[in-house]
Each structure stands twice: as structure tokens, then as C-alpha cells.
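S.K.: Take a look at this one; I'll ask things after.
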Amino acid sequence: MAAYAIRRLLMLIPVLLGMSIIVFSIIHAIPGDPAEVILGEKASEESKQALREQLGLDRPLLEQYGIYLQKLLSGDLGNSIRTRAPIADEIVPYLAATLELTVASMLIAVFVGVNAGILSAWRQNSWFDYMSMLIALIGVSMPVFWLGLMEQWLFALELKWLPTSGRMNVRDPVEAVTHLYILDAMLAGRWDQVWTVLKHLILPGIALGTIPMAIIARMTRSSMLEVMRSDYIRTARAKGMSQFFVVYKHALKNALIPVVTVIGLQTGNLLAGAVLTETIFAWPGVGRYIFDAISYRDYPVIQSGILVIAVIFVLINLLVDLLYAKLDPRIKYR
Amino acid sequence: MKKWKCALSLVLAISLGLVGCSGGAGTGQPAATQGETSGQEGGANQPADAAKSTQDTLIVGRGGDSAALDMAIVTDSESTKIGQQIFETLLDYRDGTTEVVPSLAENWDVSEDGLTYTFKLRQGVKFHDGTDFNADAVVFNFMRWHDPNSEYKFEGDSFDYYNSMFGPPDNRVIKEVKALDPHTVQFVLNKPQAPFLQNIAMPFFGIASPTAIKEKREKFKEEPVGTGPFMFQEWKRNDSITLVRNPNYWQEGLPKLERIIVRSIPDNSSRLAALQAGEIDLMEDVNPDDLPLVENNPDLQKFTRPSFNVGYVGFNLKKKPFDNKLVRQALNHAVNKEAIIQAFYAGLAQPAINPMPPVLLGYNDQIQDYPYDLEKAKELLAQAGYPNGFDEEFVFYAMPVPRPYMPNGQKVAEALQAEFAKLGVKTRIESPEWAVYLDDVQKGEKDHIFMLGWSGDNGDPDNFLYTLLDKDTIGSNNYSFYANDEVHELLSAAQAETNPDKRAELYRQAQVIIKEDAPWIPLVHSTPLLAGKANLKGYIPSPTGSESYMNVYFE
């Protein structure tokens, strides 16, 4: 296991290097003078020159990449063109916001998805099976922005149960320390705000979690069905174990192996693909950070934002692979 | 049957499990009411002079976040919206207009030659950090922007608006800024600049605390310190900016509220939902299509921002036959502006006659528009020698992105295309990507007809007429390649003229010539729409796009 983990870790190096090259090339792929493209026509020659110097555009390409890499390794992600603040500082609250939302969505998606999948497999071809797979099908094909707006209309405007958008009750804010507001509210001992923060998480969490939920449900179901047909389950049943015990104790562990992969991939997707949800629910996450940067042509932010997401994606994949190896001891010998 | 029941109850159980969380939430108070309650709780300890307001916090919802809060380095209106609350300029614009009024300067003198401006400063004004506002502070700020080697120009910063209003370092309008005594500041100019006072009043020239800039340095753009009615408290990027009342504000009884929170809610529908749910009190940028939702809701009221833009269709005078005045006039007759406004602006615009909005100095209201008259148009084309129109198909560039002055460029272009076709003027609509679009119309090689617009940067006609239609600005914003020496002389004379009445006359004359030459079809001055709670009072939207909230209160 340890050898496998180390080998897997070493494989990260070329992957990360390759990513840095791709991300570095973004600014050089812009047609025309990047400084002018970024700053627009209203900018003075002086500020264009300043930007060229800041981005090092006046040096040879290889040297530029060297400097870029050196800066990355020292944790310097450059400065945003628009806000002129260091990106490494700026991105932390966005990452925290995204993390909070992603975790909430995945908790909803995994809990509902796995259980719906198990029950569907358990009662294969029952009404529940048909219904939940139909819901899953709708879930996969539902446009997120439509779902989000419908949620707002139903739960916020009509029923008035939940807030429409944002992360907390801004009229009575909690100081941001970790930028994970649930944690911040707990640290401040503000239990009422913990509750409001949770309420703010529900609608975007469902909107963002619907697609992974549906995928996880379908994956769990088919994987369960396969496992349930295997000999050791038949043996377990023959020994007279209760159905519940067979399903949740014996079958689930093996059925979950492919599901873990799906969960990992979906988590990665959520990190980057949350732009619509974040826009509709005014959630200040990384997706919107990069999206805004694109509309303002803030290339350093686009570069660094993509890089950070890519790194997280790679780390999640690593985690999935390690977990996989743990669940199925045969894997590490491959 | 038993199976069926079992399945159904499971489905219910799961969906309830989902809704259950929300149902649980619902047993508490609705979020909106909760918010208001806490607002009112806070109201208990507010000072007596603000007690009129039934709510002590104003929450504004807007589409985007500010870039930075040091007004000298920003160029976007989302930043100045916050800057307006924190900083004050020497002069200001009267509420809802672009007329210059005193602010940090109580009064001023202009020398005969228009080269020396002497400002008497208001006394007893303090910055939020407790330091005094005085002549030295004014000099410090202007020198910071003026001196290309200023040590308070931090890495990556550039003072773009100072450069664009007062010239680049090698060609400055301002020669020097002197403190004559603690409460008198003198500006000496290299050359007269008529819109000088108008420019000084722009929020980009808000006076910041020198002490704070020296201490905070790079951090100043995130922790601004000015003299304004509200003090900066917290900025959660892309989420919210919180400002609190300045207890030592120099205007008696102002501001009326304890706190301002400006939230970024990018999606227009979500922002309206937040307003309907009571999570925000004032909303910027309402979709024209959503106007009925606001008007039919007794809890809401609408606000309109005075129009300060122009959307237009331009002719490329470098290309035949659009170098012919008669052809351009003919096409001017082929546009039914009222119909376009009803169809594409939900009625929220006024037909444009001149290249600048009517709120500006020197707007010529005597000019008659070319009426919608296809017969007249055909007549003019015949006069120009084209009684049956053209065989050639012309390229019509239609904006690929929505802008306040052009919410749907392609649809408007299609409507115009149909009208032009009736005259035998065939067009092919093209909408390349926005950056390419701007590049192309600037070069003027591909398009024959194009559409664009302009929102005013300051309250001066120069910023419309000279910027868009002077022969000097060919290659930058004069995309029509319109060059008329008479117009150029009038606009140049107006730039140097310091007497407002004489200036206004020069601009009126220029508009007459421009109307006759018809380099454009001025289409609309659109009216931005806002909405707020019905009990929100004292809010007057400014044409410039940002205004102070100090007079706002809740009834």
C-alpha cells in the first residue's frame, strides 16, 4: 500500500508540470498585444507598459516560464489585473465558499443517491425502482439554472422557508475567520447563525447536487445488482442472514468501489462546474471568480484559478485512487 | 398493490427527507422577517437624529463586485458606487443631475484667463481615521496622481482617470497644485480646460486620507479612508461590502442610516427574487421585461436613472456610398425609433435626436429629428443618384453583447435591415465576437454600417461630442471617421471656453451641423431601471451611475 501511494504521488509531478505549461500558455494564446487586450482601449501607454513588465511579457518565452514556475513554487500566484490584489490572498475566501457548497452538495448527493441506488437494486423492478430511476433520469437532464430559479420561486418566494441567495444573513453577519461560514459561526458561538448558514446552503446544495445525485444513484444501483448476483451474497443469504444485513454489510462494501470513483469525479466536476449555481444563488465561489475574470479579461486570475482547480482535481483523484486501493486490495498490484 | 404502496411511501420518505431539511428550516421565522427583526433590534441604539428611519440598515443588491476601493485606480462604476459613500470630492453633482455644486470646497474663484482655480475648503472636516482634512491633504492626493514617480503609486496601479481627464504626464492640464493656507488650495493650469470643475467633481478624484495611504500603502485599496458619510467596515469579495455611519460627518443629521450593505447578486432574476423576499431593499439593473412584476407589487416601487447614454447606428464614411450625406439622411428617415423602443426597450428609453443625452449642458432642443418617412427617404436616395437603391449588399455590424443602451443589438439590426430593404438598401448582419467587433469598427475596413453606444464618463458634453465625433478622435472612438472642420473648430473652442453660456452655444451650433451631416442615426437614450422597497425614501438615482445613500431612510 505504501509503495503504491508513493508511486502514485510521484506520478503527480509530471501531471502538475504539464498543467503549469498549459496554464502558462493561456496568456500567449491571446491574439494581439496582451497588454492592450487586457486593459482595453481606454488605458494609457504607461499602464500598458507597466502591465507588460508585471507579466514579464518583454522577456524570452523560456525565461518567462522559468520565472512563472519559480513564483508558483514560492506560492505567488501573481496579482489580479482588475483588483490589483495578490491572487493567493484573494482566492482563499472563494475556495472556502466553494468547499462549503461542494461538501454540502456531495453530502446530499451521496446520501440520497447511494440510498436510492441500494433500495432500487434491493427492490429491482418495483415501483420504487422505476420511480427513482425516472427521477434520476430527469435529474441528469435538468438544466441547473432552471432548477435553481424554480427552487427560489417555490421555497423562497412562495413558501418563504429558505433565503433566495447569499451565504448568511448579512444584516447580522459573523466575522469571517476561516471563511467557512458554518465553522465561523460556530467559532463565534452564534448558533442562530449556524442555522441560517445551513439554510442558505440547502437550495444551492440541492441545485448543484442533483446531477451527481442522479449519477450516483444509477451507478450504485447497477453496481449493487451485479454484486447481489455474486456467489458470496448467495452464500450469505443461504446462511439465513437478514436481507438488511446482507445488503448493507456484505454487498455495499464491494458495490461501493466503482461508486467511489464516480463520487470523486463528480466532486471534481462540482468544483469547476458550479458557475451557474454560484451565479443564481450569488454564491461567491471559485467558479464565479474565474467566470468574472474571463469577462474582465483578468488573465492572471484565469490562469491561477484554473491551476488551483486543476490541482484540487488531481488531489481528489489521488485520494480516490488511494481509497480504491484500500477498498480493493487487488488494485495496488496492478 | 402492497408493493406499490411500499414504493410510493419510500419515494415520499425520500422526497420528504430532502424537503424535510427545508421544512425544518421553515419552522423558524422566514429569513426575510428574521433579517428585518435584527435590523430593528439594532435600531434601538441609534442616535435620535436618525430615529425617523424605521430600519437602520440598507441592503443594496447589484450585479457585480467592485474592483478596488481606491477611487484613483479604478475606472468601473461598481467601484465608484462604494467610493461615493466613503470619499468626497472638492465639488459634487447636484442630486439627480450633473450640475456642479460645492462639496469639500465651499466656493471657488476662476482667474480671467481660466488658468488659476482657487478653492476655499470647508473647515472642521475630518477623515474617518480622525486626521484633519485640509489643503495639504488635497495637494497630497493630486500630487499622488500627478507625479509619475510618486512613491504612493503602488505596484500595478495606474491613475487612468487622472490621465484621461487631465492629460498624460508629458501633456498635463494641471501644472501645479498649491496650498495657500490650510483652507485654500490653488490649481494652476498649463492651458484652460472648460470642463475642469465638472472633472474635479468626478468620484475618481475623491480626497483620501494621506495618513491612511502612507500607513496602509497597498492595502489602502481594500481599506479606504475618506471624509464621506459612511466608513468602510468589511469587504467579502463577490459577496458583500459593509459600510457604517460616519458619526462625525460634517453635514448635520446625515447620514440617516446606520449601515449600508452592498451585495453582489449577479443574476437579474435572483436579485429580483431577493428583493421580493425582502433580503435586499434596493435593486440595481432591473430587466425591462420585469417591470410589471415591480409595478404590480404594492411592496415595491420603481426608480429610473436619468438617461446618460446614447445608442446609435453609425455609418462608415470611409466607404461608398456612405460618404454621401444624402444617403445617410435617407437612411435616417427609414427608422421608426418609437417602434424600436416599444419592441426592444420595453418602452424604457427616449428617442435620440442628438449624439448626446438631453440632461447635458448645451443640448440643442430646437433640432428636429428626421421623421420616419420612407417616401422622403426614397426621394433623397433618388437625389443622390440611386433611385432604385443598390445592387451591392452592405455589411451591417450588430453588437454581439447586450449593453444598457442596446439590450439586443441583433434584433434591432434585423428590424432596421427590413426597413432599409424597403429602400433597396440590402444589408448583411454580422456579429463577430465583441473584442473583434470593436477592433473592426475602429479600423473601418469591414463594416459599412455598425451599431454602438456610449455612456457618459463625466457630466460634460465634451465627453460625447468631442470624444465620439471630432476629427481628432478618428482612430479611437470616432468610428464613423466623421471629420468636419467646422465642427472641430466649434468643439475645440468649447474646450477652451470657460463661460458656460458661451460654451453651451458652441455645442448647440455643433449639434446643428452634425444633425445635417448625419454621420449617425442616433437611436435611443435608454433609461436604466431600479427597484426598491415601497417605504424606501430619499433615494435619487444619479445620471452618472452612482450616488450617495446618505439621504436614504425608511418610512
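Identifiers in this document derive from the order of the C-alpha cells: chains are assigned A, B, ..., residues are numbered from 1 separately in each chain, and ligands are numbered from 1 in order of occurrence.
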Contacts of Ala349 (chain B) at 6 Å or less, counting only C-alpha atoms, minus same-chain residues fewer than 5 places along, as an MDAnalysis selection string?
M.R.: chainID B and resid 525:527
S.K.: If DSSP is run on the backbone, what residues of region 59-196 of chain B are strand (DSSP E)? A reply as number ranges by chain would be ideal.
M.R.: B: 59-62, 91-93, 100-102, 105-110, 116-121, 174-181, 184-189
S.K.: Restricted to N, CA, C and O atoms, what would the selected residues look like written as a tab-separated table (two decimals), in the first residue's frame?
M.R.:
```
chain	number	residue	atom	x	y	z
B	59	ILE	N	-29.81	47.46	2.46
B	59	ILE	CA	-29.09	46.45	1.69
B	59	ILE	C	-29.36	46.67	0.21
B	59	ILE	O	-30.51	46.66	-0.23
B	60	VAL	N	-28.29	46.92	-0.51
B	60	VAL	CA	-28.40	47.17	-1.94
B	60	VAL	C	-27.95	45.92	-2.67
B	60	VAL	O	-26.95	45.31	-2.30
B	61	GLY	N	-28.68	45.52	-3.69
B	61	GLY	CA	-28.27	44.37	-4.49
B	61	GLY	C	-27.88	44.84	-5.87
B	61	GLY	O	-28.60	45.59	-6.51
B	62	ARG	N	-26.71	44.43	-6.31
B	62	ARG	CA	-26.25	44.83	-7.63
B	62	ARG	C	-25.64	43.63	-8.34
B	62	ARG	O	-25.46	42.57	-7.74
B	91	LEU	N	-15.77	69.14	-5.39
B	91	LEU	CA	-17.09	69.54	-5.86
B	91	LEU	C	-17.90	68.28	-6.09
B	91	LEU	O	-17.35	67.20	-6.20
B	92	ASP	N	-19.22	68.46	-6.16
B	92	ASP	CA	-20.07	67.31	-6.36
B	92	ASP	C	-21.12	67.66	-7.41
B	92	ASP	O	-21.16	68.79	-7.87
B	93	TYR	N	-21.94	66.69	-7.79
B	93	TYR	CA	-23.05	66.98	-8.70
B	93	TYR	C	-24.33	67.08	-7.87
B	93	TYR	O	-24.52	66.30	-6.93
B	100	VAL	N	-22.74	71.09	-11.22
B	100	VAL	CA	-21.70	71.10	-10.19
B	100	VAL	C	-22.12	71.93	-8.98
B	100	VAL	O	-22.62	73.05	-9.14
B	101	VAL	N	-21.93	71.37	-7.80
B	101	VAL	CA	-22.25	72.09	-6.56
B	101	VAL	C	-21.07	71.93	-5.60
B	101	VAL	O	-20.25	71.03	-5.76
B	102	PRO	N	-20.95	72.82	-4.57
B	102	PRO	CA	-19.84	72.70	-3.62
B	102	PRO	C	-19.93	71.41	-2.82
B	102	PRO	O	-21.01	70.87	-2.60
B	105	ALA	N	-15.04	71.68	-1.13
B	105	ALA	CA	-14.72	73.09	-1.37
B	105	ALA	C	-16.02	73.87	-1.23
B	105	ALA	O	-17.02	73.51	-1.83
B	106	GLU	N	-15.99	74.94	-0.41
B	106	GLU	CA	-17.22	75.70	-0.19
B	106	GLU	C	-17.49	76.65	-1.34
B	106	GLU	O	-18.63	76.88	-1.72
B	107	ASN	N	-16.42	77.26	-1.85
B	107	ASN	CA	-16.58	78.14	-3.01
B	107	ASN	C	-15.25	78.23	-3.74
B	107	ASN	O	-14.23	77.75	-3.24
B	108	TRP	N	-15.28	78.84	-4.92
B	108	TRP	CA	-14.07	78.88	-5.72
B	108	TRP	C	-14.05	80.10	-6.63
B	108	TRP	O	-15.10	80.67	-6.91
B	109	ASP	N	-12.84	80.47	-7.04
B	109	ASP	CA	-12.62	81.60	-7.94
B	109	ASP	C	-11.88	81.10	-9.16
B	109	ASP	O	-10.96	80.29	-9.03
B	110	VAL	N	-12.26	81.60	-10.31
B	110	VAL	CA	-11.52	81.26	-11.52
B	110	VAL	C	-10.91	82.54	-12.06
B	110	VAL	O	-11.60	83.57	-12.14
B	116	THR	N	-6.16	79.75	-13.43
B	116	THR	CA	-5.98	79.58	-11.99
B	116	THR	C	-7.33	79.38	-11.31
B	116	THR	O	-8.24	80.18	-11.48
B	117	TYR	N	-7.45	78.28	-10.59
B	117	TYR	CA	-8.66	78.00	-9.82
B	117	TYR	C	-8.27	78.02	-8.35
B	117	TYR	O	-7.38	77.29	-7.93
B	118	THR	N	-8.96	78.83	-7.56
B	118	THR	CA	-8.68	78.89	-6.13
B	118	THR	C	-9.90	78.39	-5.36
B	118	THR	O	-11.00	78.94	-5.50
B	119	PHE	N	-9.69	77.33	-4.58
B	119	PHE	CA	-10.80	76.73	-3.83
B	119	PHE	C	-10.67	77.05	-2.34
B	119	PHE	O	-9.60	76.86	-1.76
B	120	LYS	N	-11.77	77.51	-1.75
B	120	LYS	CA	-11.84	77.66	-0.28
B	120	LYS	C	-12.41	76.35	0.28
B	120	LYS	O	-13.50	75.92	-0.14
B	121	LEU	N	-11.67	75.75	1.19
B	121	LEU	CA	-12.10	74.44	1.67
B	121	LEU	C	-12.99	74.55	2.90
B	121	LEU	O	-12.85	75.49	3.70
B	174	ILE	N	-3.07	70.16	-15.64
B	174	ILE	CA	-2.73	70.77	-14.35
B	174	ILE	C	-1.22	70.94	-14.28
B	174	ILE	O	-0.46	70.01	-14.52
B	175	LYS	N	-0.80	72.18	-13.95
B	175	LYS	CA	0.63	72.45	-13.84
B	175	LYS	C	1.07	72.20	-12.41
B	175	LYS	O	2.01	71.47	-12.16
B	176	GLU	N	0.38	72.85	-11.48
B	176	GLU	CA	0.71	72.59	-10.08
B	176	GLU	C	-0.49	72.82	-9.18
B	176	GLU	O	-1.45	73.50	-9.55
B	177	VAL	N	-0.42	72.22	-8.00
B	177	VAL	CA	-1.46	72.38	-7.00
B	177	VAL	C	-0.78	72.88	-5.74
B	177	VAL	O	0.16	72.25	-5.25
B	178	LYS	N	-1.24	74.05	-5.24
B	178	LYS	CA	-0.55	74.67	-4.10
B	178	LYS	C	-1.52	74.86	-2.94
B	178	LYS	O	-2.69	75.18	-3.14
B	179	ALA	N	-0.99	74.69	-1.71
B	179	ALA	CA	-1.77	75.03	-0.53
B	179	ALA	C	-1.40	76.45	-0.15
B	179	ALA	O	-0.27	76.72	0.27
B	180	LEU	N	-2.32	77.41	-0.32
B	180	LEU	CA	-2.03	78.81	0.01
B	180	LEU	C	-2.07	79.02	1.51
B	180	LEU	O	-1.27	79.74	2.09
B	181	ASP	N	-3.06	78.42	2.14
B	181	ASP	CA	-3.12	78.37	3.61
B	181	ASP	C	-3.86	77.08	3.92
B	181	ASP	O	-4.28	76.38	3.00
B	184	THR	N	-7.08	76.86	1.85
B	184	THR	CA	-7.17	77.38	0.48
B	184	THR	C	-6.23	76.58	-0.43
B	184	THR	O	-5.06	76.42	-0.10
B	185	VAL	N	-6.77	76.10	-1.52
B	185	VAL	CA	-5.96	75.35	-2.47
B	185	VAL	C	-6.04	76.03	-3.82
B	185	VAL	O	-7.11	76.49	-4.24
B	186	GLN	N	-4.88	76.14	-4.47
B	186	GLN	CA	-4.87	76.77	-5.79
B	186	GLN	C	-4.38	75.79	-6.84
B	186	GLN	O	-3.34	75.15	-6.66
B	187	PHE	N	-5.13	75.69	-7.93
B	187	PHE	CA	-4.73	74.87	-9.08
B	187	PHE	C	-4.26	75.81	-10.17
B	187	PHE	O	-5.00	76.73	-10.55
B	188	VAL	N	-3.06	75.60	-10.67
B	188	VAL	CA	-2.58	76.38	-11.80
B	188	VAL	C	-2.52	75.45	-13.01
B	188	VAL	O	-1.96	74.36	-12.93
B	189	LEU	N	-3.15	75.90	-14.11
B	189	LEU	CA	-3.23	75.04	-15.28
B	189	LEU	C	-2.22	75.46	-16.35
B	189	LEU	O	-1.84	76.62	-16.43
```
S.K.: Extract, using only C-alpha atoms, all DNA, RNA and protein residues at most 12 Å from Tyr65 (chain A), discarding same-chain residues fewer than 5 positions from it, and format them as a ChimeraX atom specification.
M.R.: /A:17,20-28,55-57,59-60,70-72
S.K.: Considering only C-alpha atoms, extract the chain A residues located within 6 Å of chain B and return them as a list in words.
M.R.: Ser47, Arg82, Thr83, Trp127, Phe128, Leu157, Lys160, Trp161, Pro163, Thr164, Arg171, Thr279, Ile280, Ala282 and Pro284 of chain A
S.K.: What is the CA of Gln329 (chain B)-CA of Lys411 (chain B) distance in Å, reported with one decimal?
M.R.: 22.5 Å
